[in-house]
Structure formats: C-alpha cells, structure tokens
>>> print(open('run_19.cif').read())   # mmCIF, C-alpha atoms
data_work
loop_
_atom_site.label_atom_id
_atom_site.label_comp_id
_atom_site.auth_asym_id
_atom_site.auth_seq_id
_atom_site.Cartn_x
_atom_site.Cartn_y
_atom_site.Cartn_z
CA MET A 1 71.69 40.57 199.97
CA ALA A 2 73.16 41.20 196.56
CA LEU A 3 76.49 42.97 196.35
CA VAL A 4 77.30 45.49 193.61
CA GLU A 5 80.95 46.39 193.13
CA PHE A 6 82.29 48.98 190.71
CA THR A 7 85.61 49.17 188.90
CA PRO A 8 88.11 51.22 190.89
CA GLN A 9 88.81 53.12 187.67
CA LEU A 10 85.66 55.10 188.39
CA ARG A 11 87.26 56.69 191.45
CA ARG A 12 89.14 59.09 189.19
CA PHE A 13 85.81 60.69 188.40
CA VAL A 14 83.26 59.85 191.08
CA ASP A 15 82.93 57.94 194.34
CA ALA A 16 81.73 54.44 193.58
CA PRO A 17 81.17 52.60 196.85
CA SER A 18 80.07 48.98 196.89
CA CYS A 19 76.39 48.52 197.59
CA ARG A 20 74.57 45.73 199.43
CA CYS A 21 70.91 45.61 198.59
CA GLU A 22 67.77 43.52 198.24
CA ALA A 23 67.17 43.35 194.50
CA ALA A 24 65.43 40.97 192.13
CA THR A 25 66.95 42.35 188.92
CA LEU A 26 70.09 44.07 187.78
CA ARG A 27 68.22 47.35 187.36
CA GLU A 28 66.94 47.22 190.92
CA ALA A 29 70.44 46.62 192.20
CA LEU A 30 71.92 49.46 190.16
CA ASP A 31 69.11 51.78 191.22
CA ALA A 32 69.94 50.98 194.85
CA ALA A 33 73.58 51.94 194.21
CA PHE A 34 72.56 55.14 192.42
CA ALA A 35 70.27 56.06 195.31
CA GLU A 36 73.37 56.13 197.50
CA GLN A 37 75.52 57.91 194.91
CA PRO A 38 73.36 59.74 192.31
CA ARG A 39 76.31 60.97 190.21
CA LEU A 40 77.26 57.39 189.47
CA ARG A 41 74.20 56.83 187.28
CA GLY A 42 75.49 58.89 184.34
CA TYR A 43 78.77 56.97 184.33
CA ILE A 44 77.11 53.55 184.09
CA LEU A 45 73.91 54.27 182.14
CA ASP A 46 73.16 56.68 179.31
CA GLU A 47 70.23 59.08 179.38
CA GLN A 48 67.93 56.40 177.96
CA GLY A 49 68.67 54.15 180.93
CA HIS A 50 70.70 51.70 178.85
CA LEU A 51 74.03 50.28 179.95
CA ARG A 52 76.79 52.40 178.38
CA VAL A 53 78.25 50.56 175.41
CA ASN A 54 81.73 50.41 176.93
CA VAL A 55 80.65 49.31 180.38
CA VAL A 56 80.25 45.60 181.08
CA VAL A 57 78.40 43.91 183.93
CA PHE A 58 79.02 40.42 185.27
CA ILE A 59 76.46 38.70 187.50
CA ASP A 60 77.88 35.72 189.40
CA GLY A 61 80.53 35.28 186.75
CA ARG A 62 78.30 35.64 183.68
CA ARG A 63 77.91 38.67 181.49
CA ALA A 64 74.60 40.45 181.83
CA ARG A 65 72.44 39.89 178.76
CA ASP A 66 69.75 42.55 178.77
CA LEU A 67 71.88 45.61 178.21
CA ARG A 68 68.91 47.94 177.73
CA GLY A 69 66.20 46.66 180.02
CA LEU A 70 68.66 45.43 182.69
CA SER A 71 66.14 42.74 183.55
CA ASP A 72 68.67 39.99 184.30
CA PRO A 73 67.46 38.20 187.43
CA LEU A 74 69.53 38.09 190.59
CA ARG A 75 69.83 35.50 193.32
CA ALA A 76 69.49 36.61 196.89
CA ASP A 77 73.27 36.61 197.26
CA SER A 78 74.30 37.59 193.74
CA ARG A 79 77.59 39.35 193.28
CA ILE A 80 77.65 41.97 190.55
CA HIS A 81 80.77 43.47 189.03
CA VAL A 82 80.45 46.67 186.98
CA LEU A 83 83.61 46.99 184.90
CA GLN A 84 85.18 48.79 181.98
CA ALA A 85 84.69 46.90 178.71
CA LEU A 86 87.89 46.51 176.77
CA SER A 87 86.01 47.90 173.79
CA GLY A 88 86.32 51.32 175.43
CA GLY A 89 90.08 51.40 175.03
CA MET B 1 92.85 87.82 175.88
CA ASN B 2 95.45 87.32 173.20
CA ASP B 3 98.33 85.93 175.20
CA ARG B 4 96.44 82.82 176.23
CA ALA B 5 95.19 79.96 174.08
CA TRP B 6 93.88 76.47 174.66
CA ALA B 7 94.26 73.12 172.97
CA ALA B 8 91.66 70.43 173.63
CA THR B 9 93.27 67.08 172.93
CA ARG B 10 92.88 63.33 173.11
CA LYS B 11 94.82 63.37 176.37
CA GLY B 12 93.70 66.51 178.14
CA LEU B 13 93.24 70.26 177.96
CA PHE B 14 96.40 72.29 177.45
CA GLU B 15 96.55 75.93 178.50
CA LEU B 16 99.08 77.87 176.44
CA ARG B 17 100.70 81.20 177.27
CA ARG B 18 102.60 83.55 175.02
CA ARG B 19 105.91 84.47 176.65
CA ALA B 20 108.85 86.45 175.34
CA SER B 21 110.29 83.25 173.91
CA GLY B 22 107.04 82.17 172.27
CA TRP B 23 104.04 80.07 173.14
CA GLN B 24 104.48 77.58 175.97
CA VAL B 25 102.37 75.00 177.74
CA GLU B 26 101.29 76.51 181.05
CA ARG B 27 99.02 73.83 182.46
CA LEU B 28 97.46 70.47 181.60
CA SER B 29 94.02 69.63 182.96
CA PHE B 30 92.20 66.29 182.69
CA VAL B 31 95.43 64.39 182.13
CA ALA B 32 94.87 61.44 179.79
CA ASP B 33 91.15 62.11 179.27
CA PRO B 34 89.78 63.16 175.86
CA VAL B 35 88.63 66.79 175.82
CA THR B 36 86.50 67.38 172.74
CA MET B 37 85.64 71.07 173.11
CA LEU B 38 86.12 74.04 175.39
CA LEU B 39 84.59 77.41 176.05
CA PRO B 40 87.37 79.85 176.98
CA PRO B 41 87.06 81.89 180.17
CA ASP B 42 84.83 84.96 180.32
CA ALA B 43 85.89 88.06 182.25
CA SER B 44 85.01 86.35 185.53
CA GLY B 45 87.11 83.27 184.71
CA HIS B 46 84.15 81.02 184.02
CA MET B 47 84.84 78.37 181.41
CA LEU B 48 83.63 74.95 180.29
CA ALA B 49 85.23 71.80 178.93
CA GLY B 50 83.49 68.88 177.24
CA LEU B 51 85.03 65.48 177.91
CA SER B 52 84.40 62.21 176.16
CA LEU B 53 85.41 59.42 178.51
CA GLY B 54 86.05 56.22 176.63
CA HIS B 55 84.00 54.07 178.99
CA PHE B 56 81.81 56.41 180.93
CA GLY B 57 80.36 58.80 178.38
CA ALA B 58 80.39 62.49 177.56
CA LYS B 59 80.81 64.83 180.53
CA LEU B 60 80.90 68.54 181.12
CA GLN B 61 83.28 70.31 183.48
CA ALA B 62 83.16 73.94 184.65
CA SER B 63 85.83 76.18 186.09
CA ASP B 64 85.35 79.48 187.90
CA ASP B 65 89.05 80.35 187.97
CA ALA B 66 90.09 80.09 184.32
CA GLY B 67 91.01 76.45 184.45
CA LYS B 68 92.90 76.19 187.74
CA THR B 69 90.19 74.07 189.35
CA TRP B 70 87.27 72.19 187.84
CA ARG B 71 83.97 70.70 188.94
CA GLU B 72 81.61 68.43 187.06
CA VAL B 73 78.30 69.95 185.99
CA ALA B 74 75.34 68.33 184.30
CA ALA B 75 76.08 67.52 180.67
CA PRO B 76 73.41 68.20 178.06
CA SER B 77 71.02 65.27 178.05
CA PHE B 78 68.42 64.14 175.55
CA PRO B 79 64.86 63.45 176.72
CA PRO B 80 63.43 59.91 176.69
CA GLN B 81 63.44 58.57 173.14
CA PRO B 82 59.93 57.71 171.93
CA ALA B 83 59.48 54.18 170.65
CA GLY B 84 60.05 54.06 166.91
CA ALA B 85 61.72 57.46 166.69
CA GLU B 86 63.69 57.78 163.47
CA GLY B 87 67.25 58.97 163.29
CA PRO B 88 70.17 58.43 165.65
CA ALA B 89 69.75 57.32 169.25
CA TRP B 90 68.83 60.14 171.61
CA LYS B 91 72.09 59.77 173.49
CA LEU B 92 74.81 62.36 173.97
CA GLU B 93 78.01 61.16 172.32
CA GLN B 94 80.10 64.32 172.30
CA VAL B 95 80.03 67.96 173.27
CA PHE B 96 81.07 69.34 169.88
CA ALA B 97 80.49 73.12 170.01
CA LEU B 98 80.31 75.66 172.83
CA GLU B 99 79.61 79.35 172.23
CA ARG B 100 78.31 82.34 174.17
CA SER B 101 75.59 84.61 172.86
CA GLY B 102 74.60 87.35 175.27
CA GLU B 103 73.90 85.75 178.62
CA ALA B 104 73.29 82.32 177.10
CA ILE B 105 75.71 79.52 176.35
CA TRP B 106 74.86 77.26 173.41
CA CYS B 107 76.11 73.71 173.00
CA GLY B 108 76.15 71.66 169.81
CA THR B 109 76.42 67.91 170.11
CA ILE B 110 76.88 64.58 168.38
CA PRO B 111 74.19 63.49 167.57
CA GLY B 112 73.09 66.80 166.05
CA GLY B 113 71.38 68.45 168.98
CA LEU B 114 71.48 72.05 170.13
CA PHE B 115 71.21 72.88 173.81
CA VAL B 116 71.08 76.21 175.63
CA SER B 117 72.07 77.10 179.16
CA ARG B 118 70.93 80.31 180.79
CA ASP B 119 72.72 79.63 184.08
CA LYS B 120 76.33 79.52 182.87
CA GLY B 121 76.31 75.85 182.03
CA GLU B 122 74.83 74.46 185.24
CA SER B 123 71.78 73.12 183.40
CA TRP B 124 70.82 72.64 179.75
CA GLN B 125 67.64 72.65 177.70
CA LEU B 126 67.36 70.94 174.32
CA ASP B 127 66.19 73.20 171.50
CA GLU B 128 63.01 71.23 170.91
CA THR B 129 62.07 73.09 167.74
CA LEU B 130 65.19 72.11 165.85
CA TRP B 131 65.28 68.60 167.30
CA GLY B 132 61.60 68.15 166.44
CA ASP B 133 61.87 69.47 162.89
CA PRO B 134 60.98 66.62 160.51
CA ARG B 135 63.96 67.59 158.37
CA ARG B 136 66.29 66.81 161.28
CA VAL B 137 65.81 63.05 160.95
CA GLN B 138 67.00 63.32 157.35
CA TRP B 139 70.40 64.49 158.53
CA MET B 140 73.31 62.13 157.92
CA GLY B 141 76.57 61.47 159.61
CA GLY B 142 79.69 63.12 158.25
CA GLY B 143 82.89 61.58 159.60
CA ASN B 144 80.88 60.22 162.52
CA PRO B 145 77.99 57.78 162.14
CA ALA B 146 75.65 60.33 163.70
CA PRO B 147 75.16 63.93 162.54
CA ALA B 148 77.32 66.54 164.24
CA LEU B 149 76.31 70.09 165.16
CA HIS B 150 79.71 71.74 165.03
CA SER B 151 79.28 75.44 164.28
CA ILE B 152 77.41 78.03 166.32
CA CYS B 153 77.87 81.54 164.95
CA ALA B 154 76.52 84.12 167.36
CA HIS B 155 75.46 87.53 166.04
CA PRO B 156 77.22 90.43 167.74
CA ALA B 157 74.20 92.71 167.41
CA ASP B 158 71.48 90.30 168.52
CA ALA B 159 71.87 87.59 171.15
CA ASN B 160 68.76 85.84 169.81
CA GLU B 161 70.24 85.32 166.37
CA LEU B 162 72.39 82.29 165.63
CA LEU B 163 73.59 80.58 162.50
CA ILE B 164 74.55 76.95 162.98
CA GLY B 165 76.23 74.32 160.83
CA VAL B 166 75.59 70.58 160.83
CA SER B 167 77.47 67.71 159.16
CA CYS B 168 75.40 66.69 157.32
CA GLY B 169 72.39 68.87 157.77
CA GLY B 170 73.26 72.19 156.17
CA ALA B 171 73.19 75.62 157.79
CA TRP B 172 70.28 76.95 159.82
CA ARG B 173 69.37 80.32 161.31
CA THR B 174 67.20 81.45 164.16
CA THR B 175 66.40 85.07 164.95
CA ASP B 176 64.30 84.37 168.03
CA GLY B 177 66.60 82.46 170.35
CA GLY B 178 65.82 79.06 168.88
CA ARG B 179 62.02 79.14 168.82
CA THR B 180 61.95 78.98 165.02
CA TRP B 181 64.56 77.88 162.51
CA GLY B 182 65.07 78.10 158.78
CA LEU B 183 67.57 76.48 156.43
CA ARG B 184 70.32 78.84 155.30
CA ALA B 185 72.45 76.86 152.84
CA LYS B 186 71.33 78.05 149.41
CA GLY B 187 74.19 77.95 146.96
CA MET B 188 76.11 75.18 148.70
CA ARG B 189 76.74 72.10 146.58
CA ALA B 190 76.86 68.48 147.74
CA ASP B 191 78.54 66.37 145.07
CA PHE B 192 78.33 63.33 147.35
CA MET B 193 74.55 63.27 146.84
CA PRO B 194 72.58 62.03 143.83
CA PRO B 195 72.70 64.81 141.19
CA GLU B 196 69.11 65.86 141.74
CA LEU B 197 69.86 66.47 145.43
CA ALA B 198 73.19 68.26 145.06
CA GLY B 199 71.60 71.59 145.90
CA ASP B 200 69.40 70.29 148.71
CA GLU B 201 70.04 72.65 151.62
CA ASN B 202 69.33 69.98 154.24
CA SER B 203 71.95 67.59 152.79
CA GLN B 204 74.92 69.93 152.79
CA ASP B 205 78.09 69.11 154.69
CA PRO B 206 79.57 72.34 155.98
CA HIS B 207 82.67 71.21 157.86
CA LEU B 208 82.82 74.52 159.70
CA ILE B 209 81.21 77.95 159.43
CA ALA B 210 82.81 81.10 160.84
CA ARG B 211 81.44 84.64 161.01
CA CYS B 212 83.29 87.95 160.61
CA ARG B 213 82.54 89.50 163.97
CA ASP B 214 82.54 93.15 162.88
CA VAL B 215 80.78 92.58 159.55
CA PRO B 216 78.42 89.84 160.65
CA ASP B 217 76.67 89.46 157.31
CA VAL B 218 79.90 87.84 156.09
CA LEU B 219 80.24 84.13 156.78
CA TRP B 220 82.86 81.66 155.60
CA CYS B 221 82.28 77.94 155.18
CA GLN B 222 84.79 75.17 154.69
CA HIS B 223 82.47 72.62 153.11
CA HIS B 224 83.09 69.00 152.19
CA CYS B 225 82.88 70.05 148.54
CA GLY B 226 84.80 73.30 148.68
CA ILE B 227 84.95 76.76 150.18
CA PHE B 228 81.87 78.98 150.27
CA ARG B 229 81.31 82.57 151.39
CA SER B 230 78.15 84.47 152.13
CA ALA B 231 77.90 88.26 152.23
CA ASP B 232 74.21 88.30 153.13
CA ASN B 233 74.14 86.47 156.46
CA GLY B 234 73.73 83.07 154.89
CA ALA B 235 70.84 83.89 152.54
CA SER B 236 73.07 82.81 149.65
CA TRP B 237 76.51 81.24 149.37
CA GLN B 238 79.10 81.59 146.62
CA GLU B 239 81.72 78.93 145.93
CA LEU B 240 85.41 79.92 145.91
CA GLN B 241 88.45 78.14 144.50
CA ALA B 242 91.68 77.84 146.44
CA GLU B 243 95.04 76.28 145.66
CA PRO B 244 96.52 73.83 146.46
CA SER B 245 93.09 72.49 147.49
CA SER B 246 89.64 73.73 148.39
CA PHE B 247 89.09 70.69 150.60
CA GLY B 248 89.66 70.81 154.32
CA PHE B 249 87.87 71.06 157.61
CA ALA B 250 88.89 74.26 159.37
CA VAL B 251 88.26 77.94 158.68
CA ALA B 252 89.07 81.05 160.71
CA ALA B 253 87.39 84.36 159.86
CA HIS B 254 89.17 87.65 160.39
CA PRO B 255 87.32 89.45 163.19
CA HIS B 256 87.43 92.86 161.49
CA ASP B 257 88.19 92.41 157.80
CA PRO B 258 85.33 90.75 155.90
CA ASN B 259 87.64 89.90 153.01
CA THR B 260 90.15 87.87 155.01
CA ALA B 261 89.94 84.26 156.15
CA TRP B 262 92.27 81.32 156.67
CA PHE B 263 91.87 77.65 155.75
CA ALA B 264 93.88 74.44 156.26
CA PRO B 265 93.78 72.49 152.99
CA ALA B 266 94.10 68.75 152.47
CA ILE B 267 93.66 66.30 149.63
CA LYS B 268 90.08 65.46 148.87
CA ASP B 269 88.52 63.06 149.51
CA GLU B 270 89.63 59.71 150.79
CA ARG B 271 93.29 60.62 151.09
CA ARG B 272 93.13 63.13 153.85
CA ILE B 273 96.69 64.33 154.08
CA PRO B 274 98.32 67.64 153.14
CA VAL B 275 98.86 68.11 149.40
CA ASP B 276 102.34 66.75 148.55
CA ALA B 277 102.73 65.92 152.28
CA ALA B 278 103.58 69.60 152.85
CA LEU B 279 101.52 71.54 155.34
CA CYS B 280 100.20 74.99 154.51
CA VAL B 281 97.52 77.46 155.47
CA THR B 282 95.66 79.24 152.72
CA ARG B 283 94.60 82.84 153.17
CA THR B 284 92.44 85.14 151.14
CA ARG B 285 92.48 88.89 151.66
CA ASP B 286 90.20 89.83 148.80
CA GLY B 287 86.98 88.09 149.71
CA GLY B 288 87.97 84.81 148.11
CA ARG B 289 89.00 85.94 144.64
CA THR B 290 92.56 84.83 145.30
CA PHE B 291 94.30 82.68 147.91
CA GLU B 292 97.90 82.53 149.09
CA ALA B 293 99.48 79.34 150.42
CA LEU B 294 101.43 80.24 153.57
CA ARG B 295 104.16 77.72 154.39
CA THR B 296 106.98 79.47 156.24
CA GLY B 297 107.72 77.54 159.40
CA LEU B 298 105.35 74.68 158.62
CA PRO B 299 106.71 71.19 157.82
CA GLN B 300 107.20 70.74 154.07
CA GLN B 301 108.40 67.15 153.87
CA HIS B 302 106.66 63.94 154.88
CA CYS B 303 104.00 65.76 156.85
CA TYR B 304 100.76 63.84 157.29
CA ASP B 305 99.12 66.11 159.84
CA LEU B 306 95.45 66.84 159.26
CA ILE B 307 93.73 69.81 160.85
CA TYR B 308 90.37 68.96 162.39
CA ARG B 309 87.52 71.44 161.89
CA HIS B 310 88.05 73.12 165.25
CA GLY B 311 91.84 73.03 164.93
CA LEU B 312 92.49 76.55 163.59
CA ALA B 313 91.82 79.78 165.49
CA VAL B 314 92.50 83.49 165.10
CA ASP B 315 92.71 86.02 167.91
CA ASP B 316 90.39 89.00 168.28
CA ARG B 317 92.80 91.34 166.43
CA GLY B 318 93.26 89.09 163.42
CA GLU B 319 97.00 88.92 163.95
CA GLN B 320 97.73 85.71 165.80
CA LEU B 321 96.75 82.23 164.75
CA VAL B 322 97.11 78.85 166.37
CA MET B 323 96.72 75.55 164.56
CA GLY B 324 96.72 72.03 165.97
CA SER B 325 96.83 68.72 164.12
CA THR B 326 95.61 65.16 164.33
CA THR B 327 99.12 63.99 165.06
CA GLY B 328 99.83 66.49 167.78
CA GLY B 329 101.57 69.27 165.90
CA LEU B 330 100.85 72.73 167.29
CA TRP B 331 101.91 75.89 165.49
CA ALA B 332 101.43 79.59 166.18
CA SER B 333 101.71 82.66 164.00
CA GLY B 334 102.04 86.25 165.16
CA ASP B 335 101.86 87.80 161.69
CA ALA B 336 98.50 86.65 160.35
CA GLY B 337 99.91 83.41 159.00
CA GLU B 338 102.92 84.75 157.10
CA SER B 339 105.21 82.68 159.31
CA TRP B 340 104.70 79.98 161.89
CA GLN B 341 106.53 78.76 164.97
CA THR B 342 106.33 75.19 166.20
CA VAL B 343 104.90 75.17 169.72
CA SER B 344 105.10 71.38 169.96
CA ALA B 345 105.48 68.54 167.49
CA HIS B 346 104.28 65.82 169.83
CA LEU B 347 101.16 66.75 171.70
CA PRO B 348 98.25 64.30 171.72
CA PRO B 349 95.84 64.53 168.76
CA ILE B 350 94.33 68.02 168.87
CA TYR B 351 90.57 68.35 168.57
CA ALA B 352 90.16 72.10 169.09
CA VAL B 353 92.15 75.28 169.64
CA LYS B 354 90.82 78.57 170.98
CA PHE B 355 92.17 81.93 172.05
CA GLY B 356 90.89 83.56 175.21
#
>>> encode(input="run_19.cif", output="structure tokens")
Amino acid sequence: MALVEFTPQLRRFVDAPSCRCEAATLREALDAAFAEQPRLRGYILDEQGHLRVNVVVFIDGRRARDLRGLSDPLRADSRIHVLQALSGG
Amino acid sequence: MNDRAWAATRKGLFELRRRASGWQVERLSFVADPVTMLLPPDASGHMLAGLSLGHFGAKLQASDDAGKTWREVAAPSFPPQPAGAEGPAWKLEQVFALERSGEAIWCGTIPGGLFVSRDKGESWQLDETLWGDPRRVQWMGGGNPAPALHSICAHPADANELLIGVSCGGAWRTTDGGRTWGLRAKGMRADFMPPELAGDENSQDPHLIARCRDVPDVLWCQHHCGIFRSADNGASWQELQAEPSSFGFAVAAHPHDPNTAWFAPAIKDERRIPVDAALCVTRTRDGGRTFEALRTGLPQQHCYDLIYRHGLAVDDRGEQLVMGSTTGGLWASGDAGESWQTVSAHLPPIYAVKFG
C-alpha cells in the first residue's frame, strides 16, 4: 500500500488525513485521498487538475516530475509527501 | 451602514467601526491570510471574502452573520481548458471584484473572467459569452501577468445591466445579464500602445471605473493614462486633467452628485510613489473641470504609500471616505476629504476598503 501524507499546514484550512491506498501513479494516489476528503482537491490541484505551483510532492524522497499529468509511477509501498513549496512564501 | 467599514489586507480582513473617538479595528478575520476582496454584508448579514492562499490557491469564504463566523464555499472555477487555447491559463488566481446586482452576485477574477452566482455565492457560473469572445484573448496583463477584471458597475435601475472594466481589456457593457457584451471605451487613450492602436477600445487599461449611483449615466475612470469621465453611460469618455497628477489607481464616485469624485494620485509611470513623497487625495466637484488636492491630516513628508485600485471608498452619503495603502496606512475622512484622521499607520498592505 502506498501512503500519502499531507503537510500539517493544511489543517488550518481543511482536514488532511493520511491515506493508504493501492495506486500505480501519483494521480491515482491523490485521487484516493480526495475520495476520502473531497475538499482537499482544490488545495492541492487547480481546476485543470495540475499540481498547484506552490505545492511540492516528494515520492520516496524524490520530487515528482510530471506536475500536470501526475503520471509519476509508484512502488507498492511508496511514501508520498505533499508539502508547501518554499516558492509560496 | 456608514459606521462600519472593512479593509482587506495581506494579513487578513479587518472590520472597522466608527466610535465617538474615531474609527477603530473591531475584529480581524483570516489572521495572516491574504484577503484580496470582500463583499460587505447585506441586510441579512450575508457577506463574502476572497482569499489568495500563498500555497493553496484562491478561495472564497461566506459569512451569514456579518463576519463573526465564516465557512468556505466553492470559489469560481474555470472549465477545462481546451488544448491549444490562446491567452492565460484557465485557472483562478484571484477573486478581484465582488458586486451585487439585484439578486445576483458578480465576481471578477484574475485572469479576466466574470462569474455570476444566483444563490448568494454558493455556486458560480462563468459568463461564457465574454470569456468566449475572440477579443478576450487579446487582453493583456496590467500589473499582473494575466488580465484582471477589477470593476463591476451595477446599474441601479436595471439588474441586468453591468459595465465592467478590465486591465487591460477596456470597458464592456451588457444590458441582458451577460448574454451579450459590447465594448464601451471610446475616447479612452492608451499611450502604452503603438500609436495606431492608442484608441483601440479593447487595449485600454482602466485601473478602476466607478458609477454615480443616483445619476448612473455618469461614470468615472482612473485609467493608466489619465482620468476619464463619461456622462452617457460609457458610450463616450472625455479625458480630464488633475494636479498634482492624473495618474493613479483608485477612484470613488459621489453616490448622489454626478460632478464629484475622488482620486489618489501618484507619479506616473515607473516611479509609483506620491508626488513629492506627500500623500493627497484629489477631488473634483465640477465634473472634472477643476481638481483640489486635499492634504490635511495626510503625511506630507517621506511618504511612499501607494493606494491600490480598490483602496479608496466613499460611503452612501458621500461624506465619509476611507483610504488604505500598500504600506498599511489607513485614513478616514468625515468631511468628504477636507481632512483626514489616521486610523492606523501599520496595518498589513491594504488591497481593498469598503463601507457597509
């Protein structure tokens, strides 16, 4: 199972529980998290489904590369961190 | 309501109350979050606030008790962007204008979209006609990389009539609730364009447009290239000259008197500070033939405060004004601008002020 964890900074605005899921790509993993907490989607992705420019995602210690398609592959036990990018202030 | 005002700032939404001793901060909502625009409460206490979270995007909050408590509601959202679509990304960057017209609430955004809500801000529909107009993709940024729809002038006699302003996309009018639109910027002049395009209505940069509520054919425009006034509901615009400068961003129109308006001048163009580092408000009371510079109570030495386009407001009697600056100065006048009192010299940068 992959594990998606969100920055605790999000809790000021919206519940952001960690999510364990079966997912082959980053988008599948995020969709699983958004299925549990629909309001979270608009905080992480824009209305075109792209990663917000000031949100950064690490997969097993490496930055995600496909910031629009979110097609980065996951391992069965990948650990995903969704964080604030320092570019956002 | 003339004893309450609001300041939307880089670090939250300030509610201000006028007490015997002057204007005071009553409450701060959204502490430390940027609030880009607000819609003051209606008679029921319903109000809206647009937030621009540095990491997590533009959000919309609603209150049913005049700002005591808030709940997040759906922000305006652009539809899926077709492959190859020209112009800015179809992504909400900022809630930049909020106005009521009849039962509807209209929202202008960066990029230059116009949305309407007919359920008090719970859901929003993009005005597809304006967004789909081929002239819209010719719009340019003005201060922001993407175009900004900053002015929504409702018509007191007809809820289906609006006049809007876009930086840089001119002025537009609808008389059928947004189903059709026409340019309404004839007479404006864009000296930042090639000479042959200086009069192009779709290239104008109105920084803000304000309507005289009781004489709605009269509109005032603080434009990038000067001050313009229309006495025929935007069919034509006439340029006016003010001292110490005709450059600025904000304008407030007197609600009753079609000959009176206030402006907040600055040096044009790349040195955006008050002329001689001394802050003033200019006022005309004769339809723009002459202007007075009103300085009493405003800082006159080493003042580098700039007034953003939404940073000057007049109450519904035309007597009180509030003005907020980029460096957190907030001033109020109870005598139509003749004299000013400092409410605070150290608020966060102020994006918008409103009475109500």
>>> residues_near_point(input="run_19.cif", point="(88.9, 49.7, 173.7)", cutoff="10 Å", atoms="all atoms listed in the file", output="list in words")
Asn54, Gln84, Ala85, Leu86, Ser87, Gly88 and Gly89 of chain A; Gly54 and His55 of chain B
>>> write_last_selection(input="run_19.cif", atoms="C-alpha atoms", output="PDB file, keeping the file's coordinate frame")
ATOM      1  CA  ASN A  54      81.730  50.410 176.930  1.00  0.00           C
ATOM      2  CA  GLN A  84      85.180  48.790 181.980  1.00  0.00           C
ATOM      3  CA  ALA A  85      84.690  46.900 178.710  1.00  0.00           C
ATOM      4  CA  LEU A  86      87.890  46.510 176.770  1.00  0.00           C
ATOM      5  CA  SER A  87      86.010  47.900 173.790  1.00  0.00           C
ATOM      6  CA  GLY A  88      86.320  51.320 175.430  1.00  0.00           C
ATOM      7  CA  GLY A  89      90.080  51.400 175.030  1.00  0.00           C
TER       8      GLY A  89
ATOM      9  CA  GLY B  54      86.050  56.220 176.630  1.00  0.00           C
ATOM     10  CA  HIS B  55      84.000  54.070 178.990  1.00  0.00           C
TER      11      HIS B  55
END
>>> interface_residues(input="run_19.cif", of="chain B", to="chain A", cutoff="12 Å", atoms="all atoms listed in the file", output="ChimeraX atom specification")
/B:30-34,51-61,70-83,89-93
>>> closest_atom_pairs(input="run_19.cif", of="stretch 86-118 of chain B", to="stretch 310-321 of chain B", cutoff="12 Å", atoms="all atoms listed in the file", output="tab-separated table")
residue	atom	partner	partner_atom	distance
B:Phe96	CA	B:His310	CA	9.2
B:Ala97	CA	B:His310	CA	8.9
B:Leu98	CA	B:His310	CA	11.1
>>> residues_around(input="run_19.cif", residues="stretch 15-28 of chain A", least_positions_apart="4", cutoff="8 Å", atoms="all atoms listed in the file", output="list in words")
Met1, Ala2, Leu3, Val4, Glu5, Phe6, Pro8, Leu10, Arg11, Ala32, Ala33, Gln37, Leu40, Gly69, Leu70, Ser71, Asp72, Pro73, Leu74, Arg75 and Ala76 of chain A
>>> atom_distance(input="run_19.cif", atom1="atom CA of B:Thr36", atom2="atom CA of B:Arg10")
7.6 Å
>>> residues_around(input="run_19.cif", residues="B:Phe291", least_positions_apart="4", cutoff="12 Å", atoms="all atoms listed in the file", output="list in words")
Ile227, Leu240, Gln241, Ala242, Glu243, Pro244, Ser245, Ser246, Asn259, Thr260, Ala261, Trp262, Phe263, Ala264, Pro265, Cys280, Val281, Thr282, Arg283, Thr284, Arg285, Asp286 and Gly287 of chain B
>>> decode(input="run_19.cif", residues="stretch 13-66 of chain A", atoms="C-alpha atoms", output="CSV table (one decimal), in the first residue's frame")
chain,number,residue,atom,x,y,z
A,13,PHE,CA,-8.0,25.2,6.3
A,14,VAL,CA,-9.2,21.6,5.8
A,15,ASP,CA,-8.8,18.2,7.3
A,16,ALA,CA,-6.0,16.4,5.5
A,17,PRO,CA,-5.7,12.8,6.8
A,18,SER,CA,-3.0,10.5,5.6
A,19,CYS,CA,-4.3,8.0,3.1
A,20,ARG,CA,-3.2,4.4,2.5
A,21,CYS,CA,-4.1,3.1,-1.0
A,22,GLU,CA,-3.4,0.9,-3.9
A,23,ALA,CA,-2.1,3.2,-6.6
A,24,ALA,CA,0.1,2.8,-9.6
A,25,THR,CA,0.6,6.6,-10.2
A,26,LEU,CA,0.7,9.8,-8.2
A,27,ARG,CA,-2.6,10.8,-9.6
A,28,GLU,CA,-4.3,7.6,-8.5
A,29,ALA,CA,-2.9,8.0,-5.1
A,30,LEU,CA,-4.1,11.6,-4.8
A,31,ASP,CA,-7.5,10.7,-6.2
A,32,ALA,CA,-7.8,8.1,-3.4
A,33,ALA,CA,-7.0,10.8,-0.8
A,34,PHE,CA,-9.5,13.2,-2.4
A,35,ALA,CA,-12.2,10.4,-2.4
A,36,GLU,CA,-11.9,10.4,1.4
A,37,GLN,CA,-11.7,14.2,1.7
A,38,PRO,CA,-13.2,15.9,-1.4
A,39,ARG,CA,-12.4,19.5,-0.2
A,40,LEU,CA,-8.7,18.7,-0.2
A,41,ARG,CA,-8.6,18.5,-4.0
A,42,GLY,CA,-8.8,22.3,-4.5
A,43,TYR,CA,-6.0,22.9,-2.1
A,44,ILE,CA,-3.5,20.5,-3.9
A,45,LEU,CA,-4.7,20.8,-7.6
A,46,ASP,CA,-6.0,23.7,-9.6
A,47,GLU,CA,-9.2,23.4,-11.7
A,48,GLN,CA,-7.2,22.0,-14.6
A,49,GLY,CA,-6.1,19.1,-12.5
A,50,HIS,CA,-2.5,20.3,-12.3
A,51,LEU,CA,-0.4,20.4,-9.2
A,52,ARG,CA,-0.7,23.9,-7.7
A,53,VAL,CA,2.5,25.8,-8.5
A,54,ASN,CA,3.4,26.3,-4.8
A,55,VAL,CA,2.7,22.8,-3.7
A,56,VAL,CA,5.5,20.2,-4.0
A,57,VAL,CA,5.3,16.4,-3.9
A,58,PHE,CA,8.0,14.0,-3.0
A,59,ILE,CA,7.8,10.3,-3.8
A,60,ASP,CA,10.2,8.1,-1.9
A,61,GLY,CA,12.5,11.1,-1.4
A,62,ARG,CA,12.4,12.4,-4.9
A,63,ARG,CA,10.5,15.3,-6.3
A,64,ALA,CA,7.6,14.4,-8.5
A,65,ARG,CA,8.4,15.3,-12.1
A,66,ASP,CA,5.1,15.3,-14.0
